[in-house]
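Novice: For reference, the file start-v5.pdb (PDB, C-alpha atoms and all ligand atoms) is included below:
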```pdb
ATOM      1  CA  MET F  18     150.306  -8.937 -60.230
ATOM      2  CA  ARG F  19     148.046  -5.946 -59.391
ATOM      3  CA  THR F  20     148.762  -2.264 -59.635
ATOM      4  CA  HIS F  21     147.412   0.281 -57.138
ATOM      5  CA  GLY F  22     148.708   3.825 -57.606
ATOM      6  CA  ASP F  23     152.493   3.823 -57.373
ATOM      7  CA  PHE F  24     152.553   0.448 -55.577
ATOM      8  CA  GLU F  25     152.651  -2.998 -57.013
ATOM      9  CA  PHE F  26     151.646  -6.096 -55.003
ATOM     10  CA  SER F  27     152.199  -9.695 -55.959
ATOM     11  CA  ARG F  28     150.006 -12.466 -54.533
ATOM     12  CA  ARG F  29     153.077 -13.572 -52.517
ATOM     13  CA  ASP F  30     153.456 -10.065 -50.978
ATOM     14  CA  LEU F  31     149.834 -10.108 -49.842
ATOM     15  CA  LEU F  32     150.220 -13.547 -48.223
ATOM     16  CA  ILE F  33     153.304 -12.373 -46.291
ATOM     17  CA  VAL F  34     151.538  -9.235 -45.028
ATOM     18  CA  GLY F  35     148.480 -11.285 -44.030
ATOM     19  CA  ALA F  36     150.548 -13.799 -42.070
ATOM     20  CA  ALA F  37     152.430 -11.004 -40.285
ATOM     21  CA  SER F  38     149.191  -9.306 -39.222
ATOM     22  CA  LEU F  39     147.946 -12.549 -37.662
ATOM     23  CA  ALA F  40     151.129 -12.953 -35.607
ATOM     24  CA  ALA F  41     151.413  -9.336 -34.414
ATOM     25  CA  PRO F  42     149.235  -7.513 -31.814
ATOM     26  CA  THR F  43     146.411  -5.411 -33.214
ATOM     27  CA  VAL F  44     147.698  -1.976 -34.215
ATOM     28  CA  ALA F  45     145.516   1.123 -34.327
ATOM     29  CA  VAL F  46     146.938   3.745 -36.664
ATOM     30  CA  THR F  47     146.208   7.409 -36.024
ATOM     31  CA  ALA F  48     147.003   9.640 -38.963
ATOM     32  CA  GLU F  49     148.414  13.091 -38.102
ATOM     33  CA  PRO F  50     149.289  15.813 -40.634
ATOM     34  CA  SER F  51     152.805  14.592 -41.327
ATOM     35  CA  VAL F  52     153.270  11.491 -39.200
ATOM     36  CA  ALA F  53     151.236   8.328 -38.825
ATOM     37  CA  LYS F  54     151.501   7.130 -35.215
ATOM     38  CA  ALA F  55     150.948   3.510 -34.307
ATOM     39  CA  GLN F  56     149.450   2.699 -30.919
ATOM     40  CA  ALA F  57     149.527  -0.877 -29.691
ATOM     41  CA  VAL F  58     146.219  -2.271 -28.386
ATOM     42  CA  VAL F  59     146.807  -5.401 -26.373
ATOM     43  CA  PRO F  60     144.013  -7.918 -26.921
ATOM     44  CA  GLY F  61     142.047  -8.546 -23.717
ATOM     45  CA  ALA F  62     143.467  -5.491 -21.923
ATOM     46  CA  PRO F  63     140.994  -3.669 -19.633
ATOM     47  CA  VAL F  64     139.077  -0.792 -21.162
ATOM     48  CA  ILE F  65     138.615   2.037 -18.674
ATOM     49  CA  SER F  66     135.624   4.335 -18.928
ATOM     50  CA  LYS F  67     134.068   7.146 -16.920
ATOM     51  CA  VAL F  68     130.559   6.881 -15.542
ATOM     52  CA  SER F  69     128.613   9.577 -13.715
ATOM     53  CA  PHE F  70     125.523   8.823 -11.700
ATOM     54  CA  ASN F  71     123.702   9.834  -8.583
ATOM     55  CA  VAL F  72     124.067   7.521  -5.610
ATOM     56  CA  ASN F  73     121.944   8.125  -2.518
ATOM     57  CA  GLY F  74     121.419  11.749  -3.498
ATOM     58  CA  LYS F  75     125.084  12.530  -4.268
ATOM     59  CA  ALA F  76     126.623  13.017  -7.701
ATOM     60  CA  ARG F  77     129.426  10.477  -8.160
ATOM     61  CA  GLU F  78     131.901  10.000 -11.003
ATOM     62  CA  LEU F  79     134.001   6.881 -11.373
ATOM     63  CA  GLU F  80     136.623   5.564 -13.755
ATOM     64  CA  VAL F  81     136.048   1.861 -14.008
ATOM     65  CA  ASP F  82     136.968  -1.151 -16.065
ATOM     66  CA  THR F  83     133.963  -1.464 -18.376
ATOM     67  CA  ARG F  84     133.460  -5.010 -17.056
ATOM     68  CA  THR F  85     132.781  -3.739 -13.509
ATOM     69  CA  THR F  86     129.323  -4.619 -12.249
ATOM     70  CA  LEU F  87     127.200  -2.005 -10.514
ATOM     71  CA  LEU F  88     127.523  -4.137  -7.375
ATOM     72  CA  ASP F  89     131.330  -3.977  -7.430
ATOM     73  CA  ALA F  90     131.274  -0.261  -8.270
ATOM     74  CA  LEU F  91     129.146   0.367  -5.181
ATOM     75  CA  ARG F  92     131.109  -1.894  -2.855
ATOM     76  CA  GLU F  93     134.693  -1.630  -4.099
ATOM     77  CA  HIS F  94     134.810   1.880  -5.561
ATOM     78  CA  LEU F  95     132.294   3.797  -3.426
ATOM     79  CA  HIS F  96     132.724   1.624  -0.289
ATOM     80  CA  LEU F  97     128.977   1.281   0.139
ATOM     81  CA  THR F  98     129.206  -2.212   1.572
ATOM     82  CA  GLY F  99     125.602  -2.353   2.755
ATOM     83  CA  THR F 100     124.729  -3.897  -0.603
ATOM     84  CA  LYS F 101     125.736  -7.547  -0.314
ATOM     85  CA  LYS F 102     127.268 -10.013  -2.742
ATOM     86  CA  GLY F 103     125.673 -13.425  -2.317
ATOM     87  CA  CYS F 104     125.731 -15.498  -5.483
ATOM     88  CA  ASP F 105     127.070 -12.801  -7.871
ATOM     89  CA  ASN F 106     124.903 -14.566 -10.393
ATOM     90  CA  GLY F 107     121.383 -13.139 -10.216
ATOM     91  CA  GLN F 108     119.948 -15.903  -8.058
ATOM     92  CA  CYS F 109     119.761 -14.675  -4.455
ATOM     93  CA  GLY F 110     118.702 -10.995  -4.440
ATOM     94  CA  ALA F 111     121.258  -9.969  -1.792
ATOM     95  CA  CYS F 112     122.574  -7.283  -4.149
ATOM     96  CA  THR F 113     119.185  -5.635  -4.793
ATOM     97  CA  VAL F 114     119.287  -1.842  -5.153
ATOM     98  CA  ILE F 115     116.783   0.646  -6.531
ATOM     99  CA  VAL F 116     117.672   2.340  -9.823
ATOM    100  CA  ASP F 117     115.370   5.086 -11.071
ATOM    101  CA  GLY F 118     112.622   3.700  -8.838
ATOM    102  CA  ARG F 119     112.926   0.071  -9.934
ATOM    103  CA  ARG F 120     114.610  -2.755  -8.031
ATOM    104  CA  ILE F 121     117.377  -4.574  -9.840
ATOM    105  CA  ASN F 122     120.065  -7.129  -9.092
ATOM    106  CA  SER F 123     123.197  -5.004  -9.132
ATOM    107  CA  CYS F 124     125.386  -8.056  -9.812
ATOM    108  CA  LEU F 125     123.712  -8.491 -13.205
ATOM    109  CA  THR F 126     124.344  -5.064 -14.655
ATOM    110  CA  LEU F 127     127.455  -3.121 -15.608
ATOM    111  CA  ALA F 128     128.209   0.177 -13.880
ATOM    112  CA  VAL F 129     128.844   1.955 -17.192
ATOM    113  CA  LEU F 130     125.275   1.224 -18.277
ATOM    114  CA  HIS F 131     123.986   3.562 -15.563
ATOM    115  CA  GLU F 132     125.251   6.891 -16.825
ATOM    116  CA  GLY F 133     122.914   9.585 -15.430
ATOM    117  CA  ASP F 134     120.861   7.117 -13.360
ATOM    118  CA  SER F 135     119.748   7.560  -9.786
ATOM    119  CA  VAL F 136     120.792   4.664  -7.521
ATOM    120  CA  THR F 137     119.494   4.065  -4.001
ATOM    121  CA  THR F 138     121.209   1.555  -1.723
ATOM    122  CA  ILE F 139     120.300   0.518   1.806
ATOM    123  CA  GLU F 140     122.472   3.391   3.100
ATOM    124  CA  GLY F 141     120.354   5.830   1.092
ATOM    125  CA  LEU F 142     117.068   4.531   2.508
ATOM    126  CA  GLY F 143     117.993   5.260   6.079
ATOM    127  CA  MET F 144     120.677   5.062   8.742
ATOM    128  CA  PRO F 145     120.410   3.838  12.370
ATOM    129  CA  GLU F 146     119.551   7.308  13.653
ATOM    130  CA  ASN F 147     116.982   7.872  10.917
ATOM    131  CA  LEU F 148     115.479   4.565   9.797
ATOM    132  CA  HIS F 149     113.225   4.226   6.770
ATOM    133  CA  PRO F 150     109.772   2.888   7.852
ATOM    134  CA  MET F 151     110.574  -0.413   6.132
ATOM    135  CA  GLN F 152     113.846  -0.736   8.057
ATOM    136  CA  ALA F 153     112.044   0.065  11.330
ATOM    137  CA  SER F 154     109.401  -2.547  10.539
ATOM    138  CA  PHE F 155     112.041  -5.225   9.859
ATOM    139  CA  VAL F 156     113.602  -4.409  13.248
ATOM    140  CA  LYS F 157     110.230  -4.536  15.008
ATOM    141  CA  HIS F 158     109.273  -7.886  13.457
ATOM    142  CA  ASP F 159     112.730  -9.523  13.630
ATOM    143  CA  GLY F 160     112.721  -9.848   9.854
ATOM    144  CA  TYR F 161     116.224 -11.318   9.848
ATOM    145  CA  GLN F 162     118.639 -13.585  11.675
ATOM    146  CA  CYS F 163     122.189 -13.290  10.296
ATOM    147  CA  GLY F 164     121.183 -10.148   8.364
ATOM    148  CA  TYR F 165     123.172 -10.900   5.217
ATOM    149  CA  CYS F 166     120.152 -10.877   2.907
ATOM    150  CA  THR F 167     118.463  -8.006   4.749
ATOM    151  CA  PRO F 168     119.665  -4.963   2.757
ATOM    152  CA  GLY F 169     118.474  -6.627  -0.442
ATOM    153  CA  GLN F 170     115.201  -7.701   1.201
ATOM    154  CA  ILE F 171     114.503  -4.152   2.386
ATOM    155  CA  CYS F 172     115.378  -2.459  -0.931
ATOM    156  CA  SER F 173     113.211  -5.003  -2.712
ATOM    157  CA  ALA F 174     110.339  -4.550  -0.219
ATOM    158  CA  VAL F 175     110.340  -0.769  -0.647
ATOM    159  CA  ALA F 176     110.087  -1.166  -4.419
ATOM    160  CA  VAL F 177     107.431  -3.900  -4.054
ATOM    161  CA  LEU F 178     105.102  -1.526  -2.207
ATOM    162  CA  ASP F 179     105.671   1.088  -4.918
ATOM    163  CA  GLU F 180     104.826  -1.518  -7.581
ATOM    164  CA  ILE F 181     101.604  -2.423  -5.740
ATOM    165  CA  LYS F 182     100.655   1.246  -5.350
ATOM    166  CA  ALA F 183     101.280   1.735  -9.056
ATOM    167  CA  GLY F 184      98.804  -1.085  -9.777
ATOM    168  CA  ILE F 185     101.358  -3.405 -11.376
ATOM    169  CA  PRO F 186      99.950  -6.959 -11.202
ATOM    170  CA  SER F 187     101.968 -10.015 -10.209
ATOM    171  CA  HIS F 188     101.675 -13.687 -11.130
ATOM    172  CA  VAL F 189      99.230 -14.225  -8.233
ATOM    173  CA  SER F 190      96.987 -11.204  -8.895
ATOM    174  CA  ALA F 191      93.630 -12.884  -9.500
ATOM    175  CA  ASP F 192      91.755  -9.903 -10.916
ATOM    176  CA  LEU F 193      93.656  -7.707 -13.345
ATOM    177  CA  THR F 194      90.841  -5.139 -13.391
ATOM    178  CA  THR F 195      91.315  -4.128  -9.729
ATOM    179  CA  LEU F 196      94.322  -2.652  -7.964
ATOM    180  CA  PRO F 197      96.508  -5.258  -6.254
ATOM    181  CA  GLN F 198      96.734  -5.189  -2.453
ATOM    182  CA  ALA F 199      99.688  -5.911  -0.195
ATOM    183  CA  THR F 200      98.379  -9.328   0.860
ATOM    184  CA  ALA F 201     100.670 -12.054   2.168
ATOM    185  CA  ALA F 202     100.320 -13.908  -1.139
ATOM    186  CA  GLU F 203     101.249 -10.824  -3.183
ATOM    187  CA  ILE F 204     104.201 -10.071  -0.904
ATOM    188  CA  ARG F 205     105.516 -13.645  -1.012
ATOM    189  CA  GLU F 206     105.260 -13.759  -4.792
ATOM    190  CA  ARG F 207     106.875 -10.379  -5.362
ATOM    191  CA  MET F 208     109.654 -11.083  -2.841
ATOM    192  CA  SER F 209     110.398 -14.538  -4.248
ATOM    193  CA  GLY F 210     113.625 -13.335  -5.839
ATOM    194  CA  ASN F 211     115.097 -12.511  -2.439
ATOM    195  CA  ILE F 212     116.389 -15.666  -0.786
ATOM    196  CA  CYS F 213     116.955 -15.900   2.980
ATOM    197  CA  ARG F 214     119.155 -18.774   4.095
ATOM    198  CA  CYS F 215     117.991 -18.199   7.673
ATOM    199  CA  ALA F 216     114.382 -18.643   6.505
ATOM    200  CA  ALA F 217     113.117 -15.503   8.230
ATOM    201  CA  TYR F 218     110.287 -15.389   5.691
ATOM    202  CA  PRO F 219     107.248 -15.228   8.066
ATOM    203  CA  ASN F 220     108.732 -12.219   9.862
ATOM    204  CA  ILE F 221     109.773 -10.571   6.593
ATOM    205  CA  VAL F 222     106.190 -10.816   5.309
ATOM    206  CA  ALA F 223     104.852  -9.444   8.618
ATOM    207  CA  ALA F 224     107.322  -6.524   8.432
ATOM    208  CA  ILE F 225     106.305  -5.645   4.886
ATOM    209  CA  LYS F 226     102.596  -5.894   5.677
ATOM    210  CA  GLN F 227     103.005  -3.499   8.571
ATOM    211  CA  ALA F 228     105.046  -1.086   6.461
ATOM    212  CA  ALA F 229     102.230  -1.199   3.928
ATOM    213  CA  GLY F 230      99.868  -0.017   6.656
ATOM    214  CA  ILE F 231      98.238  -3.383   7.165
ATOM    215  CA  GLN F 232      98.273  -4.880  10.656
ATOM    216  CA  SER F 233      99.723  -8.381  10.599
TER     217      SER F 233
HETATM  218 FE1  LIG G 301     123.189 -10.555  -7.057
HETATM  219 FE2  LIG G 301     122.919 -12.865  -5.719
HETATM  220  S1  LIG G 301     124.503 -11.367  -5.533
HETATM  221  S2  LIG G 301     121.524 -11.937  -7.126
HETATM  222 FE1  LIG G 302     120.326 -14.663   7.236
HETATM  223 FE2  LIG G 302     118.421 -13.824   5.576
HETATM  224  S1  LIG G 302     118.710 -13.267   7.645
HETATM  225  S2  LIG G 302     120.170 -14.984   5.095
END
```
Render the structure in this file as structure tokens.
Ligand code: FES
Ligand code: FES
Specialist:
Amino acid sequence: MRTHGDFEFSRRDLLIVGAASLAAPTVAVTAEPSVAKAQAVVPGAPVISKVSFNVNGKARELEVDTRTTLLDALREHLHLTGTKKGCDNGQCGACTVIVDGRRINSCLTLAVLHEGDSVTTIEGLGMPENLHPMQASFVKHDGYQCGYCTPGQICSAVAVLDEIKAGIPSHVSADLTTLPQATAAEIRERMSGNICRCAAYPNIVAAIKQAAGIQS
């Protein structure tokens, strides 16, 4: 038997308390000046959190389940359905958006991780009455058939040209001491994460080359 202050616990008492805590839901106790309040936390229940970011130039604030992907936040909460869900697993590139200047798969990241970030979706690049040069080039070169992969292709292509301008080498850059160029080989390599089931690849490469200022 052990003594702790005014209380005395036997080994049997401790075993009973331990067994009860395993059977009962987790309880968070908040101490107040005179009363200790118990608040039940149900295991596995959603945790809701606020996130504030800038999407296509507008400040947006959402309350989301912390498990919500950036893709679902854009599509289901902000109704920006231009960004597509293909595999939802990081394999197809249909969900590509630009975050703080870098392309990412929005299905692979949680919305709450983007507090304060700047997100650009296909709607933010341009609209039918005011197309981004990359969008106009895809139209000119028929860089699509069904169009499902196209928003991701275009967001990725815009970021690819920025990566090339910034001198970031790729796996096929032969000479790391010179700036990479927007050649067909560089474009194919850098766009290899964007899958097109319609196989519009030759026209996609031609569209990107033209947008880069190179005649195809
Ligand atoms: Fe994100 Fe396929 S939906 S990579
Ligand atoms: Fe149909 Fe690419 S245009 S999947």
Novice: What separation in Å, quoted to one decimal, exists between CA of Gln170 (chain F) and atom S2 of ligand LIG 301 (chain G)?
Specialist: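 Distance reported for this atom pair: 11.3 Å.
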Novice: Could you tell me, as a PyMOL selection string, exactly which residues end up selected when the PyMOL selection byres (((not hetatm)) within 12 of (chain G and resi 301)) is applied to this structure?
Specialist: chain F and resi 86-89+92+100-114+120-126+165-166+168-170+173+209-213
Novice: Please work out which residues fall within 12 Å of (100.1, -11.3, 0.6), coordinates as given in the file, with all atoms listed in the file counting, and return them as a PyMOL selection string.
Specialist: chain F and resi 177-178+181+187+189-190+197-209+219+221-227+229+231+233
Novice: Around ligand LIG 302 (chain G), which protein and nucleic acid residues have at least one atom no more than 6 Å from it, if we count all atoms listed in the file? List them as a PyMOL selection string.
Specialist: chain F and resi 161-167+213-215
Novice: Looking at F:Asp192, F:Val68, F:Gly99, F:Thr137, which one is nearest to Asp117 (chain F), with distances taken over only C-alpha atoms?
Specialist: F:Thr137
Novice: Take the PyMOL selection byres (((chain F and resi 158) around 7) and not hetatm), run it mentally on this structure, and tell me the resulting residues as a list of chain:residue names.
Specialist: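 In the shown coordinates, the PyMOL selection byres (((chain F and resi 158) around 7) and not hetatm) covers F:Ser154, F:Phe155, F:Val156, F:Lys157, F:Asp159, F:Gly160, F:Asn220, F:Ala223, F:Ala224.
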Novice: For the PyMOL selection byres (((chain F and resi 140-145) around 9) and not hetatm), applied here, can you spell out every residue it catches as a list in words?
Specialist: Val72, Asn73, Gly74, Leu97, Thr98, Gly99, Thr100, Val136, Thr137, Thr138, Ile139, Glu146, Asn147, Leu148, His149, Pro150, Met151, Gln152, Pro168 and Cys172 of chain F
Novice: Between CA of Ala228 (chain F) and CA of Ser135 (chain F), what is the distance, to one decimal in Å?
Specialist: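 Atom-to-atom, CA of Ala228 (chain F) to CA of Ser135 (chain F), that is 23.6 Å.
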Novice: Pick from F:Pro186, F:Thr195, F:Val129, F:Gly61: nearest to Leu79 (chain F), with all atoms listed in the file counted?
Specialist: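 Using all atoms listed in the file, Leu79 (chain F) sits closest to F:Val129.
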Novice: Could you please determine the separation between CA of Thr83 (chain F) and CA of Arg119 (chain F) in Å, to one decimal place?
Specialist: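 So the two atoms, CA of Thr83 (chain F) and CA of Arg119 (chain F), lie 22.7 Å apart.
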Novice: For Glu80 (chain F), work out the shell of residues within 8 Å, counting only C-alpha atoms and skipping chain neighbours fewer than 3 positions away, then give it as JSON, numbers by chain.
Specialist: {"F": [65, 66, 67, 68]}
Novice: Can you write just those residues out, C-alpha atoms, as a compact mmCIF listing (two decimals), keeping the file's coordinate frame?
Specialist:
```
# COMPACT_ATOMS: atom_id res chain seq x y z
CA ILE F 65 138.62 2.04 -18.67
CA SER F 66 135.62 4.34 -18.93
CA LYS F 67 134.07 7.15 -16.92
CA VAL F 68 130.56 6.88 -15.54
```
Novice: Missing atoms in region 68-88 of chain F: can you complete it with N, CA, C and O atoms, as a compact mmCIF listing (two decimals), in the frame of the given file?
Specialist:
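The result, written out as rebuild-v9.txt:
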```txt
# COMPACT_ATOMS: atom_id res chain seq x y z
N VAL F 68 132.02 6.94 -15.67
CA VAL F 68 130.56 6.88 -15.54
C VAL F 68 130.16 7.86 -14.43
O VAL F 68 130.82 7.94 -13.40
N SER F 69 129.12 8.62 -14.70
CA SER F 69 128.61 9.58 -13.72
C SER F 69 127.18 9.21 -13.39
O SER F 69 126.36 9.02 -14.30
N PHE F 70 126.90 9.08 -12.11
CA PHE F 70 125.52 8.82 -11.70
C PHE F 70 125.30 9.41 -10.32
O PHE F 70 126.22 9.94 -9.70
N ASN F 71 124.06 9.31 -9.89
CA ASN F 71 123.70 9.83 -8.58
C ASN F 71 123.50 8.65 -7.66
O ASN F 71 122.72 7.75 -7.97
N VAL F 72 124.22 8.63 -6.55
CA VAL F 72 124.07 7.52 -5.61
C VAL F 72 123.65 8.09 -4.26
O VAL F 72 124.36 8.91 -3.67
N ASN F 73 122.48 7.68 -3.81
CA ASN F 73 121.94 8.12 -2.52
C ASN F 73 121.93 9.65 -2.40
O ASN F 73 122.29 10.23 -1.37
N GLY F 74 121.58 10.30 -3.51
CA GLY F 74 121.42 11.75 -3.50
C GLY F 74 122.69 12.53 -3.78
O GLY F 74 122.66 13.76 -3.82
N LYS F 75 123.83 11.82 -3.99
CA LYS F 75 125.08 12.53 -4.27
C LYS F 75 125.57 12.21 -5.68
O LYS F 75 125.54 11.04 -6.10
N ALA F 76 126.05 13.25 -6.37
CA ALA F 76 126.62 13.02 -7.70
C ALA F 76 127.97 12.32 -7.54
O ALA F 76 128.81 12.74 -6.75
N ARG F 77 128.17 11.22 -8.24
CA ARG F 77 129.43 10.48 -8.16
C ARG F 77 129.95 10.23 -9.57
O ARG F 77 129.17 9.99 -10.49
N GLU F 78 131.27 10.31 -9.71
CA GLU F 78 131.90 10.00 -11.00
C GLU F 78 133.01 8.99 -10.76
O GLU F 78 133.82 9.17 -9.85
N LEU F 79 133.00 7.94 -11.54
CA LEU F 79 134.00 6.88 -11.37
C LEU F 79 134.70 6.61 -12.69
O LEU F 79 134.13 6.83 -13.76
N GLU F 80 135.94 6.14 -12.59
CA GLU F 80 136.62 5.56 -13.76
C GLU F 80 136.74 4.09 -13.48
O GLU F 80 137.41 3.68 -12.52
N VAL F 81 136.08 3.30 -14.28
CA VAL F 81 136.05 1.86 -14.01
C VAL F 81 136.37 1.05 -15.26
O VAL F 81 136.15 1.50 -16.39
N ASP F 82 136.89 -0.14 -15.02
CA ASP F 82 136.97 -1.15 -16.07
C ASP F 82 135.53 -1.37 -16.56
O ASP F 82 134.61 -1.50 -15.74
N THR F 83 135.34 -1.37 -17.86
CA THR F 83 133.96 -1.46 -18.38
C THR F 83 133.28 -2.78 -17.99
O THR F 83 132.07 -2.90 -18.13
N ARG F 84 134.06 -3.74 -17.48
CA ARG F 84 133.46 -5.01 -17.06
C ARG F 84 132.97 -4.98 -15.60
O ARG F 84 132.43 -5.97 -15.11
N THR F 85 133.16 -3.84 -14.93
CA THR F 85 132.78 -3.74 -13.51
C THR F 85 131.27 -3.74 -13.35
O THR F 85 130.56 -2.94 -13.98
N THR F 86 130.77 -4.62 -12.49
CA THR F 86 129.32 -4.62 -12.25
C THR F 86 128.95 -3.42 -11.38
O THR F 86 129.80 -2.85 -10.68
N LEU F 87 127.67 -3.08 -11.39
CA LEU F 87 127.20 -2.00 -10.51
C LEU F 87 127.45 -2.39 -9.06
O LEU F 87 127.84 -1.55 -8.24
N LEU F 88 127.27 -3.67 -8.75
CA LEU F 88 127.52 -4.14 -7.38
C LEU F 88 128.96 -3.85 -6.95
O LEU F 88 129.22 -3.31 -5.87
```
